[in-house]
$ cat input.csv   # CSV, C-alpha atoms and all ligand atoms
chain,number,residue,atom,x,y,z
K,1,MET,CA,37.6,91.6,-84.5
K,2,GLY,CA,40.6,89.9,-82.8
K,3,CYS,CA,43.0,90.6,-85.7
K,4,ALA,CA,41.8,94.2,-86.2
K,5,SER,CA,42.0,94.9,-82.5
K,6,ALA,CA,45.5,93.4,-82.3
K,7,LEU,CA,46.7,95.6,-85.1
K,8,ALA,CA,45.3,98.7,-83.6
K,9,LEU,CA,46.9,97.9,-80.2
K,10,ALA,CA,50.3,97.1,-81.8
K,11,GLU,CA,50.1,100.4,-83.8
K,12,LYS,CA,49.7,102.2,-80.4
K,13,GLY,CA,52.7,100.5,-79.0
K,14,ALA,CA,51.3,97.5,-77.2
K,15,ASN,CA,52.8,94.0,-77.3
K,16,VAL,CA,50.0,91.6,-78.4
K,17,VAL,CA,49.5,87.8,-78.7
K,18,VAL,CA,46.7,86.7,-81.0
K,19,LEU,CA,45.2,83.3,-80.1
K,20,GLU,CA,43.1,81.6,-82.8
K,21,ARG,CA,42.0,78.0,-82.5
K,22,ALA,CA,42.0,77.5,-86.3
K,23,VAL,CA,43.4,80.1,-88.6
K,24,PRO,CA,42.4,83.8,-88.6
K,25,GLY,CA,39.2,84.3,-90.7
K,26,ALA,CA,38.2,80.6,-90.3
K,27,GLU,CA,34.7,81.6,-89.4
K,28,ALA,CA,32.2,84.5,-90.0
K,29,SER,CA,34.8,87.1,-91.0
K,30,SER,CA,35.7,85.3,-94.2
K,31,ALA,CA,32.2,84.1,-94.9
K,32,ALA,CA,30.7,87.6,-95.0
K,33,ALA,CA,29.4,89.3,-98.1
K,34,GLY,CA,31.5,92.4,-97.2
K,35,ILE,CA,28.8,95.0,-97.6
K,36,LEU,CA,29.7,98.2,-95.8
K,37,GLY,CA,26.0,98.9,-95.5
K,38,ALA,CA,26.0,101.9,-93.1
K,39,GLN,CA,22.7,103.1,-94.6
K,40,VAL,CA,21.0,100.0,-96.0
K,41,GLU,CA,21.4,98.3,-92.6
K,42,LEU,CA,20.0,101.1,-90.5
K,43,HIS,CA,16.3,100.0,-90.7
K,44,GLY,CA,15.2,103.2,-88.8
K,45,ARG,CA,17.5,102.6,-85.8
K,46,GLU,CA,18.3,106.2,-84.8
K,47,GLU,CA,20.9,105.0,-82.3
K,48,ASP,CA,23.1,103.5,-85.0
K,49,VAL,CA,23.2,106.3,-87.5
K,50,ALA,CA,26.4,108.1,-86.3
K,51,LEU,CA,28.3,104.9,-85.5
K,52,PHE,CA,27.5,103.2,-88.8
K,53,VAL,CA,28.4,106.3,-90.9
K,54,ARG,CA,31.6,106.8,-89.0
K,55,ALA,CA,32.4,103.2,-89.5
K,56,ARG,CA,31.9,103.4,-93.2
K,57,ASP,CA,33.9,106.6,-93.5
K,58,ALA,CA,36.8,105.0,-91.6
K,59,TRP,CA,37.1,102.3,-94.4
K,60,GLY,CA,38.7,104.4,-97.2
K,61,PRO,CA,41.8,105.4,-95.1
K,62,TRP,CA,41.9,102.0,-93.5
K,63,ALA,CA,41.9,100.1,-96.8
K,64,ARG,CA,44.8,102.2,-97.9
K,65,ALA,CA,46.7,101.8,-94.7
K,66,LEU,CA,46.2,98.0,-94.8
K,67,ARG,CA,47.5,97.9,-98.3
K,68,GLU,CA,50.6,99.7,-97.2
K,69,ALA,CA,51.1,97.5,-94.2
K,70,SER,CA,50.4,94.2,-96.0
K,71,GLY,CA,50.7,94.7,-99.7
K,72,VAL,CA,47.1,93.3,-100.0
K,73,ASP,CA,44.3,95.1,-101.7
K,74,VAL,CA,41.1,94.5,-99.7
K,75,GLY,CA,38.8,95.4,-102.5
K,76,HIS,CA,37.3,98.5,-101.0
K,77,ARG,CA,34.8,100.0,-103.5
K,78,VAL,CA,32.2,102.6,-103.1
K,79,SER,CA,29.8,100.8,-105.4
K,80,GLY,CA,26.6,102.1,-103.9
K,81,VAL,CA,23.5,100.1,-103.0
K,82,LEU,CA,20.2,99.9,-104.7
K,83,ARG,CA,17.2,98.7,-102.6
K,84,VAL,CA,14.5,97.8,-105.1
K,85,ALA,CA,10.8,97.4,-104.9
K,86,CYS,CA,8.7,95.0,-107.0
K,87,ALA,CA,5.2,96.0,-105.6
K,88,ALA,CA,3.4,99.2,-104.6
K,89,ASP,CA,3.5,98.5,-100.9
K,90,GLU,CA,7.3,97.9,-101.0
K,91,ALA,CA,7.7,101.2,-103.0
K,92,ALA,CA,5.8,103.1,-100.3
K,93,ALA,CA,8.2,101.7,-97.7
K,94,LEU,CA,11.1,102.9,-99.8
K,95,GLU,CA,9.7,106.4,-99.9
K,96,ASP,CA,9.5,106.5,-96.1
K,97,GLU,CA,13.0,105.2,-95.9
K,98,VAL,CA,14.4,107.9,-98.2
K,99,LYS,CA,12.6,110.6,-96.1
K,100,TRP,CA,14.0,109.2,-92.9
K,101,GLN,CA,17.6,109.0,-94.2
K,102,ARG,CA,17.5,112.5,-95.8
K,103,THR,CA,16.3,114.1,-92.6
K,104,ARG,CA,19.4,112.7,-91.0
K,105,GLY,CA,21.7,114.3,-93.6
K,106,LEU,CA,22.4,111.0,-95.5
K,107,ARG,CA,22.4,110.8,-99.3
K,108,ALA,CA,19.5,108.7,-100.5
K,109,ASP,CA,17.5,109.1,-103.7
K,110,LEU,CA,14.1,107.6,-104.6
K,111,LEU,CA,14.2,106.4,-108.2
K,112,GLY,CA,11.6,105.3,-110.7
K,113,PRO,CA,12.2,102.2,-112.8
K,114,ASP,CA,14.0,104.1,-115.7
K,115,GLN,CA,16.4,105.8,-113.4
K,116,ALA,CA,17.1,102.6,-111.5
K,117,HIS,CA,17.8,100.8,-114.8
K,118,GLU,CA,20.2,103.6,-115.8
K,119,ILE,CA,22.2,102.9,-112.7
K,120,GLU,CA,21.9,99.1,-112.9
K,121,PRO,CA,20.9,97.9,-116.4
K,122,GLU,CA,20.7,94.3,-115.2
K,123,LEU,CA,17.8,95.0,-112.9
K,124,ALA,CA,14.6,93.0,-113.5
K,125,PRO,CA,12.1,94.8,-115.8
K,126,HIS,CA,9.3,94.6,-113.2
K,127,ILE,CA,11.1,96.8,-110.6
K,128,VAL,CA,8.6,99.6,-109.7
K,129,ALA,CA,11.0,101.8,-107.7
K,130,ALA,CA,14.4,101.9,-106.0
K,131,VAL,CA,16.3,103.7,-103.4
K,132,HIS,CA,19.9,104.6,-104.3
K,133,LEU,CA,22.4,104.9,-101.5
K,134,PRO,CA,25.5,106.0,-103.3
K,135,ASP,CA,27.8,106.1,-100.3
K,136,ASP,CA,27.4,102.5,-99.1
K,137,ALA,CA,30.4,100.4,-100.1
K,138,GLN,CA,32.0,96.9,-100.0
K,139,VAL,CA,35.2,95.1,-99.3
K,140,ASP,CA,36.3,91.5,-100.1
K,141,PRO,CA,36.3,89.8,-96.7
K,142,PRO,CA,38.8,87.0,-97.5
K,143,ALA,CA,41.2,89.7,-98.8
K,144,LEU,CA,40.6,91.7,-95.6
K,145,LEU,CA,41.6,88.7,-93.5
K,146,ARG,CA,44.7,88.1,-95.7
K,147,ALA,CA,45.7,91.8,-95.3
K,148,LEU,CA,45.2,91.7,-91.5
K,149,VAL,CA,47.2,88.5,-91.1
K,150,ALA,CA,50.0,89.8,-93.3
K,151,ALA,CA,50.1,93.1,-91.4
K,152,LEU,CA,50.2,91.3,-88.1
K,153,ALA,CA,52.9,89.0,-89.3
K,154,ARG,CA,55.1,92.0,-90.2
K,155,SER,CA,54.6,93.8,-86.9
K,156,PRO,CA,57.4,93.2,-84.4
K,157,ARG,CA,54.9,93.7,-81.6
K,158,VAL,CA,52.6,90.9,-82.5
K,159,THR,CA,52.8,87.1,-82.0
K,160,LEU,CA,50.2,85.2,-83.9
K,161,ARG,CA,49.4,81.7,-82.7
K,162,THR,CA,47.2,79.6,-84.8
K,163,GLY,CA,45.7,76.3,-83.6
K,164,ALA,CA,45.7,77.8,-80.1
K,165,THR,CA,42.3,77.2,-78.4
K,166,VAL,CA,41.6,79.3,-75.4
K,167,GLU,CA,40.5,76.7,-72.8
K,168,ARG,CA,39.4,79.2,-70.2
K,169,LEU,CA,39.9,82.7,-68.9
K,170,LEU,CA,42.3,82.9,-65.9
K,171,VAL,CA,40.5,84.8,-63.2
K,172,GLU,CA,42.1,85.9,-59.9
K,173,GLY,CA,39.7,87.5,-57.5
K,174,ASP,CA,37.5,89.6,-59.7
K,175,ARG,CA,40.2,90.3,-62.3
K,176,CYS,CA,41.0,88.5,-65.6
K,177,VAL,CA,44.7,87.9,-65.7
K,178,GLY,CA,45.0,85.9,-68.9
K,179,VAL,CA,44.0,82.7,-70.5
K,180,ARG,CA,44.7,78.9,-70.3
K,181,LEU,CA,45.9,77.1,-73.5
K,182,SER,CA,46.4,73.4,-73.7
K,183,ASP,CA,50.2,73.8,-73.2
K,184,MET,CA,50.5,76.9,-71.0
K,185,ASP,CA,48.9,79.6,-69.0
K,186,LEU,CA,49.4,83.0,-70.7
K,187,TYR,CA,49.3,86.0,-68.4
K,188,ALA,CA,48.4,89.5,-69.7
K,189,ASP,CA,47.6,92.9,-68.4
K,190,ALA,CA,44.6,93.0,-70.7
K,191,THR,CA,42.6,90.2,-72.4
K,192,VAL,CA,40.3,90.9,-75.4
K,193,LEU,CA,37.5,88.4,-75.9
K,194,ALA,CA,36.9,88.3,-79.7
K,195,ALA,CA,35.6,84.7,-80.2
K,196,GLY,CA,32.6,85.7,-82.4
K,197,SER,CA,29.6,83.4,-82.0
K,198,TRP,CA,31.6,81.3,-79.5
K,199,SER,CA,32.3,84.2,-77.1
K,200,SER,CA,29.8,83.1,-74.4
K,201,LEU,CA,31.1,79.5,-74.6
K,202,VAL,CA,34.7,80.3,-73.4
K,203,PRO,CA,34.8,79.0,-69.8
K,204,GLY,CA,35.3,81.8,-67.3
K,205,VAL,CA,33.0,84.2,-69.2
K,206,PRO,CA,30.2,84.9,-66.6
K,207,SER,CA,27.0,83.2,-67.7
K,208,THR,CA,25.0,86.1,-66.4
K,209,TRP,CA,26.4,88.4,-69.1
K,210,PRO,CA,24.5,89.0,-72.3
K,211,GLN,CA,24.8,85.8,-74.4
K,212,VAL,CA,26.3,85.8,-77.8
K,213,ARG,CA,24.4,83.3,-80.0
K,214,PRO,CA,24.9,82.2,-83.6
K,215,VAL,CA,22.6,83.2,-86.4
K,216,ARG,CA,23.5,81.2,-89.5
K,217,GLY,CA,23.8,82.8,-92.9
K,218,GLN,CA,24.3,80.9,-96.1
K,219,ILE,CA,25.9,82.4,-99.2
K,220,VAL,CA,26.0,81.4,-102.9
K,221,LEU,CA,28.9,82.7,-105.0
K,222,LEU,CA,28.2,83.1,-108.7
K,223,ASP,CA,30.7,83.7,-111.5
K,224,GLU,CA,29.4,85.9,-114.2
K,225,ARG,CA,31.2,86.0,-117.5
K,226,PRO,CA,31.6,88.7,-118.7
K,227,PRO,CA,30.9,90.8,-115.5
K,228,ARG,CA,27.7,92.8,-116.0
K,229,VAL,CA,26.2,93.6,-112.6
K,230,ARG,CA,27.7,96.8,-111.1
K,231,SER,CA,25.7,97.8,-108.0
K,232,ILE,CA,25.0,96.0,-104.8
K,233,VAL,CA,21.2,95.2,-105.1
K,234,PHE,CA,19.0,94.5,-102.1
K,235,GLY,CA,15.5,93.0,-102.8
K,236,ALA,CA,12.8,91.9,-100.4
K,237,ARG,CA,14.4,88.4,-100.2
K,238,GLY,CA,18.1,88.9,-100.4
K,239,TYR,CA,21.0,90.8,-101.9
K,240,VAL,CA,23.6,90.5,-104.7
K,241,VAL,CA,27.1,91.9,-104.3
K,242,PRO,CA,29.1,92.1,-107.5
K,243,ARG,CA,32.9,92.3,-106.9
K,244,GLY,CA,33.5,93.9,-110.3
K,245,ASP,CA,35.5,90.9,-111.6
K,246,GLY,CA,32.6,88.6,-112.4
K,247,ARG,CA,32.2,87.2,-108.8
K,248,VAL,CA,28.8,87.9,-107.5
K,249,VAL,CA,28.1,87.1,-103.8
K,250,CYS,CA,24.4,86.3,-103.2
K,251,GLY,CA,22.9,86.1,-99.8
K,252,SER,CA,21.7,85.3,-97.3
K,253,THR,CA,19.6,83.3,-94.9
K,254,MET,CA,19.0,84.2,-91.2
K,255,GLU,CA,18.6,81.0,-89.3
K,256,HIS,CA,18.7,79.7,-85.8
K,257,ALA,CA,20.5,76.4,-86.5
K,258,ASP,CA,22.9,76.2,-83.5
K,259,PHE,CA,26.5,75.6,-84.9
K,260,ARG,CA,25.4,73.4,-87.8
K,261,LYS,CA,27.6,74.7,-90.6
K,262,GLU,CA,25.5,73.4,-93.5
K,263,VAL,CA,24.4,74.7,-96.9
K,264,THR,CA,20.9,73.5,-97.3
K,265,ALA,CA,18.7,73.0,-100.3
K,266,ALA,CA,16.1,75.4,-98.9
K,267,GLY,CA,18.8,78.0,-98.2
K,268,VAL,CA,20.3,77.8,-101.7
K,269,HIS,CA,16.8,77.9,-103.3
K,270,ALA,CA,15.7,81.0,-101.3
K,271,ILE,CA,19.0,82.8,-102.0
K,272,LEU,CA,18.9,82.1,-105.8
K,273,GLU,CA,15.2,82.9,-106.0
K,274,GLY,CA,15.8,86.3,-104.3
K,275,ALA,CA,18.8,87.1,-106.4
K,276,LEU,CA,17.3,86.2,-109.7
K,277,ALA,CA,14.1,88.1,-108.9
K,278,CYS,CA,16.2,91.3,-108.8
K,279,VAL,CA,18.8,90.4,-111.4
K,280,PRO,CA,17.4,87.8,-113.8
K,281,SER,CA,20.6,87.7,-116.0
K,282,LEU,CA,22.4,86.0,-113.1
K,283,GLY,CA,20.5,82.9,-114.1
K,284,SER,CA,23.2,82.1,-116.6
K,285,ALA,CA,26.1,82.6,-114.2
K,286,GLN,CA,28.1,79.7,-113.1
K,287,VAL,CA,27.7,78.6,-109.4
K,288,ALA,CA,31.2,78.9,-108.1
K,289,GLY,CA,30.8,78.1,-104.5
K,290,MET,CA,28.5,78.1,-101.4
K,291,TRP,CA,29.1,78.2,-97.7
K,292,SER,CA,27.6,79.2,-94.4
K,293,ASN,CA,28.7,80.6,-91.1
K,294,PHE,CA,27.5,82.3,-87.9
K,295,ARG,CA,26.7,85.9,-87.2
K,296,PRO,CA,27.4,86.6,-83.5
K,297,HIS,CA,24.2,88.0,-82.2
K,298,VAL,CA,23.5,89.5,-78.7
K,299,GLU,CA,20.0,89.7,-77.5
K,300,GLY,CA,18.9,93.3,-77.9
K,301,GLY,CA,21.2,93.7,-80.9
K,302,GLN,CA,24.0,95.8,-79.4
K,303,ALA,CA,27.6,94.6,-79.9
K,304,LEU,CA,29.8,94.2,-76.8
K,305,VAL,CA,32.8,96.5,-77.2
K,306,GLY,CA,35.4,97.9,-74.9
K,307,SER,CA,35.8,97.4,-71.1
K,308,SER,CA,33.7,94.8,-69.3
K,309,ALA,CA,32.4,94.2,-65.8
K,310,MET,CA,35.5,92.1,-65.1
K,311,ALA,CA,38.7,94.1,-64.7
K,312,GLY,CA,41.4,93.1,-67.2
K,313,LEU,CA,38.8,91.7,-69.7
K,314,PHE,CA,37.8,93.7,-72.8
K,315,LEU,CA,35.1,92.8,-75.4
K,316,ALA,CA,35.0,92.9,-79.1
K,317,THR,CA,32.1,90.7,-80.1
K,318,GLY,CA,28.4,90.4,-81.0
K,319,HIS,CA,28.5,92.4,-84.2
K,320,TYR,CA,25.8,90.3,-85.8
K,321,ARG,CA,25.2,91.4,-89.5
K,322,ASN,CA,27.7,94.3,-89.5
K,323,GLY,CA,31.0,93.1,-88.2
K,324,ILE,CA,32.9,93.9,-91.3
K,325,LEU,CA,31.4,97.4,-91.5
K,326,LEU,CA,32.3,98.0,-87.8
K,327,SER,CA,35.7,96.3,-87.7
K,328,LYS,CA,37.9,99.4,-87.8
K,329,VAL,CA,35.9,101.5,-85.3
K,330,THR,CA,35.7,98.5,-83.0
K,331,ALA,CA,39.4,97.9,-83.1
K,332,ASP,CA,40.1,101.6,-82.3
K,333,ALA,CA,37.6,101.6,-79.4
K,334,VAL,CA,39.1,98.4,-78.0
K,335,ALA,CA,42.6,99.7,-78.3
K,336,GLY,CA,41.6,102.9,-76.7
K,337,ALA,CA,39.8,101.2,-73.8
K,338,VAL,CA,42.7,98.8,-73.2
K,339,LEU,CA,45.4,101.5,-73.1
K,340,ALA,CA,43.3,103.8,-71.0
K,341,SER,CA,42.7,101.2,-68.4
K,342,ALA,CA,44.8,101.6,-65.3
K,343,ALA,CA,47.1,103.9,-67.4
K,344,LEU,CA,48.9,100.9,-68.8
K,345,ASP,CA,52.3,101.4,-70.0
K,346,PRO,CA,51.7,100.5,-73.7
K,347,SER,CA,55.0,98.5,-74.0
K,348,THR,CA,53.8,96.1,-71.2
K,349,ALA,CA,50.2,95.7,-72.4
B,401,LIG,C1,26.7,84.8,-94.3
B,401,LIG,C2,27.2,86.1,-93.6
B,401,LIG,C3,27.2,87.3,-94.3
B,401,LIG,C4,27.6,88.5,-93.6
B,401,LIG,N1,27.7,89.6,-94.3
B,401,LIG,C5,28.2,90.7,-93.8
B,401,LIG,C6,28.3,91.9,-94.5
B,401,LIG,O1,28.0,92.0,-95.7
B,401,LIG,N2,28.8,93.1,-93.9
B,401,LIG,C7,29.2,93.0,-92.6
B,401,LIG,O2,29.6,94.1,-92.1
B,401,LIG,N3,29.1,91.9,-91.8
B,401,LIG,C8,28.6,90.8,-92.4
B,401,LIG,N4,28.5,89.6,-91.7
B,401,LIG,C9,28.7,89.6,-90.2
B,401,LIG,C10,30.2,89.5,-90.0
B,401,LIG,O3,30.8,88.5,-90.7
B,401,LIG,C11,30.5,89.3,-88.5
B,401,LIG,O4,29.8,90.2,-87.7
B,401,LIG,C12,32.0,89.4,-88.1
B,401,LIG,O5,32.7,88.7,-89.1
B,401,LIG,C13,32.2,88.8,-86.8
B,401,LIG,O6,33.6,88.8,-86.6
B,401,LIG,P1,34.2,88.2,-85.3
B,401,LIG,O7,35.7,88.4,-85.3
B,401,LIG,O8,33.5,88.6,-84.1
B,401,LIG,O9,33.8,86.6,-85.4
B,401,LIG,P2,34.5,85.4,-86.3
B,401,LIG,O10,35.0,86.0,-87.6
B,401,LIG,O11,33.6,84.3,-86.3
B,401,LIG,O12,35.8,85.1,-85.5
B,401,LIG,C14,35.8,84.5,-84.3
B,401,LIG,C15,37.1,83.7,-84.2
B,401,LIG,O13,37.3,83.2,-82.9
B,401,LIG,C16,37.8,81.9,-83.0
B,401,LIG,N5,37.6,81.2,-81.7
B,401,LIG,C17,36.4,80.9,-81.2
B,401,LIG,N6,36.5,80.3,-80.0
B,401,LIG,C18,37.8,80.3,-79.7
B,401,LIG,C19,38.6,79.8,-78.6
B,401,LIG,N7,38.1,79.2,-77.5
B,401,LIG,N8,40.0,79.9,-78.7
B,401,LIG,C20,40.6,80.5,-79.8
B,401,LIG,N9,39.9,80.9,-80.9
B,401,LIG,C21,38.5,80.8,-80.8
B,401,LIG,C22,37.2,81.3,-84.2
B,401,LIG,O14,37.9,80.2,-84.7
B,401,LIG,C23,37.1,82.4,-85.1
B,401,LIG,O15,38.1,82.5,-86.1
B,401,LIG,C24,28.0,88.4,-92.3
B,401,LIG,C25,28.0,87.2,-91.6
B,401,LIG,C26,27.6,86.0,-92.3
B,401,LIG,C27,27.7,84.7,-91.5

$ encode --input "input.csv" --output "structure tokens" --more "lines below"
Ligand SMILES: Cc1cc2nc3c(=O)[nH]c(=O)nc-3n(C[C@H](O)[C@H](O)[C@H](O)COP(=O)(O)OP(=O)(O)OC[C@H]3O[C@@H](n4cnc5c(N)ncnc54)[C@H](O)[C@@H]3O)c2cc1C
Amino acid sequence: MGCASALALAEKGANVVVLERAVPGAEASSAAAGILGAQVELHGREEDVALFVRARDAWGPWARALREASGVDVGHRVSGVLRVACAADEAAALEDEVKWQRTRGLRADLLGPDQAHEIEPELAPHIVAAVHLPDDAQVDPPALLRALVAALARSPRVTLRTGATVERLLVEGDRCVGVRLSDMDLYADATVLAAGSWSSLVPGVPSTWPQVRPVRGQIVLLDERPPRVRSIVFGARGYVVPRGDGRVVCGSTMEHADFRKEVTAAGVHAILEGALACVPSLGSAQVAGMWSNFRPHVEGGQALVGSSAMAGLFLATGHYRNGILLSKVTADAVAGAVLASAALDPSTA
């Protein structure tokens, strides 16, 4: 969120300093599965339909622009999503989901087992039904972060400081005027808080504001040779995301584990059990890696984006399960809010 917002601001003419305590993408944004699940992530939430679809639609042009700006291909592919059912009650829920999505003008098809296997031959034989969401897509999050950093490094308006921990917000009266680092106070017309799951822990952020808390997710990366799985597959207990080159990202857990960045036996067991139940041939794939990180979650589920109750402070945090999907629209919203505030002269922002 920080890098994408900085790039959007710089493109609109603002001078930006990005402060990152480690390296950009050290946390959730590189750990994500990269599903642009505008439809599969809706779960009947009417209020998210327009935003999620707009966010997904923004991705094609953004991926091309990032490639031009950085030389890095972020792996944007409209690979579609299959949500599969293995039992009659799950199939009934899929039928309801298809009706709900179609009445909102979204493309969604209810498939029987044969049609589902035509789209994804590697599906388990016991699948009884599936929903196909052909417009949902994916990107490769580590590649996205590389592209963002390369684009920021090439921008004459951006200073990127790694290893720079924000020790506190600088507040004068009721206005945020910048941040304190270990070696200096940095003053700015606008400060964007984009510290992911740590956003509520930055000293100076009012404790009365909605709290951003970590929800841990674990991932297992498989290496399938030769690559066989083509579609993103969601089952009742997890998902598999084939990158197309043999890498298959399997996820994920949803755990309240504070900031314990662990991969646990139970987590790996649950993820592989869920993945193999949908795509049994993954059982012969090599385990290529595993990791965990923290989804920034705000009680109530709504991300915190744009201007805040404190003048001079803007928010880009709390995107929970969908921060990759929402990164471009968030960056644009943040840049718009910053530049609209107090009619800032972009060259001084
Ligand atoms: C396992 C997993 C799977 C996911 N899958 C998907 C998916 O498929 N699709 C999707 O859309 N989303 C997915 N997400 C969610 C997505 O990753 C997040 O919503 C998004 O990456 C959050 O971005 P962020 O910039 O807010 O946080 P982060 O990427 O965590 O970045 C916050 C940054 O702030 C830095 N920081 C913190 N405190 C300070 C400080 N005081 N000073 C300086 N720097 C600081 C950190 O070092 C970090 O780099 C997934 C998340 C997880 C964990």

$ closest_residue --input "input.csv" --among "K:Ala277, K:Trp291, K:Pro210, K:Ala153" --to "Glu27 of chain K" --atoms "only C-alpha atoms"
K:Trp291

$ residues_around --input "input.csv" --residues "Ala137 of chain K" --least-positions-apart "3" --cutoff "6 Å" --atoms "all atoms listed in the file" --output "ChimeraX atom specification"
/K:36,77-80

$ closest_residue --input "input.csv" --among "K:Ile219, K:Leu66, K:Ile324, K:Ala337" --to "Ala38 of chain K" --atoms "only C-alpha atoms"
K:Ile324

$ residues_near_ligand --input "input.csv" --ligand "ligand LIG 401 (chain B)" --cutoff "6 Å" --atoms "only C-alpha atoms and all ligand atoms" --output "PyMOL selection string"
chain K and resi 1-2+19-22+24-29+31-36+164-167+194-198+202+216-219+252+292-295+317+319-325

$ residues_around --input "input.csv" --residues "Gly244 of chain K" --least-positions-apart "3" --cutoff "8 Å" --atoms "all atoms listed in the file" --output "ChimeraX atom specification"
/K:227,229-230,247

$ residues_near_point --input "input.csv" --point "(40.3, 93.0, -86.2)" --cutoff "10 Å" --atoms "only C-alpha atoms" --output "list in words"
Met1, Gly2, Cys3, Ala4, Ser5, Ala6, Leu7, Ala8, Pro24, Gly25, Ser29, Leu144, Leu145, Leu148, Val149, Ala194, Ala316, Gly323, Ile324, Leu326, Ser327, Lys328, Val329, Thr330, Ala331, Asp332 and Val334 of chain K

$ write_last_selection --input "input.csv" --atoms "C-alpha atoms" --output "PDB file, in the coordinates of the input"
ATOM      1  CA  MET K   1      37.600  91.600 -84.500  1.00  0.00           C
ATOM      2  CA  GLY K   2      40.600  89.900 -82.800  1.00  0.00           C
ATOM      3  CA  CYS K   3      43.000  90.600 -85.700  1.00  0.00           C
ATOM      4  CA  ALA K   4      41.800  94.200 -86.200  1.00  0.00           C
ATOM      5  CA  SER K   5      42.000  94.900 -82.500  1.00  0.00           C
ATOM      6  CA  ALA K   6      45.500  93.400 -82.300  1.00  0.00           C
ATOM      7  CA  LEU K   7      46.700  95.600 -85.100  1.00  0.00           C
ATOM      8  CA  ALA K   8      45.300  98.700 -83.600  1.00  0.00           C
ATOM      9  CA  PRO K  24      42.400  83.800 -88.600  1.00  0.00           C
ATOM     10  CA  GLY K  25      39.200  84.300 -90.700  1.00  0.00           C
ATOM     11  CA  SER K  29      34.800  87.100 -91.000  1.00  0.00           C
ATOM     12  CA  LEU K 144      40.600  91.700 -95.600  1.00  0.00           C
ATOM     13  CA  LEU K 145      41.600  88.700 -93.500  1.00  0.00           C
ATOM     14  CA  LEU K 148      45.200  91.700 -91.500  1.00  0.00           C
ATOM     15  CA  VAL K 149      47.200  88.500 -91.100  1.00  0.00           C
ATOM     16  CA  ALA K 194      36.900  88.300 -79.700  1.00  0.00           C
ATOM     17  CA  ALA K 316      35.000  92.900 -79.100  1.00  0.00           C
ATOM     18  CA  GLY K 323      31.000  93.100 -88.200  1.00  0.00           C
ATOM     19  CA  ILE K 324      32.900  93.900 -91.300  1.00  0.00           C
ATOM     20  CA  LEU K 326      32.300  98.000 -87.800  1.00  0.00           C
ATOM     21  CA  SER K 327      35.700  96.300 -87.700  1.00  0.00           C
ATOM     22  CA  LYS K 328      37.900  99.400 -87.800  1.00  0.00           C
ATOM     23  CA  VAL K 329      35.900 101.500 -85.300  1.00  0.00           C
ATOM     24  CA  THR K 330      35.700  98.500 -83.000  1.00  0.00           C
ATOM     25  CA  ALA K 331      39.400  97.900 -83.100  1.00  0.00           C
ATOM     26  CA  ASP K 332      40.100 101.600 -82.300  1.00  0.00           C
ATOM     27  CA  VAL K 334      39.100  98.400 -78.000  1.00  0.00           C
TER      28      VAL K 334
END

$ atom_distance --input "input.csv" --atom1 "atom CA of Leu160 of chain K" --atom2 "atom CA of Met184 of chain K"
15.3 Å

$ residues_around --input "input.csv" --residues "Gln115 of chain K" --least-positions-apart "6" --cutoff "12 Å" --atoms "only C-alpha atoms" --output "PyMOL selection string"
chain K and resi 82+84+109+121+123+127-132

$ closest_residue --input "input.csv" --among "K:Asp183, K:Gly283, K:Ala257, K:Ala270" --to "Arg225 of chain K" --atoms "all atoms listed in the file"
K:Gly283

$ closest_residue --input "input.csv" --among "K:Leu111, K:Ala335, K:Val81, K:Val139" --to "Trp62 of chain K" --atoms "all atoms listed in the file"
K:Val139

$ residues_near_point --input "input.csv" --point "(25.0, 77.3, -102.1)" --cutoff "9 Å" --atoms "only C-alpha atoms" --output "number ranges by chain"
K: 218-221, 263-265, 267-269, 271-272, 287-292

$ atom_distance --input "input.csv" --atom1 "atom CA of Pro242 of chain K" --atom2 "atom CA of Arg146 of chain K"
20.0 Å

$ closest_residue --input "input.csv" --among "K:Ala333, K:Gln302, K:Pro226, K:Arg175" --to "Glu47 of chain K" --atoms "all atoms listed in the file"
K:Gln302

$ closest_residue --input "input.csv" --among "K:Ala285, K:Ala93, K:Ala236, K:Ala65" --to "Gly44 of chain K" --atoms "all atoms listed in the file"
K:Ala93
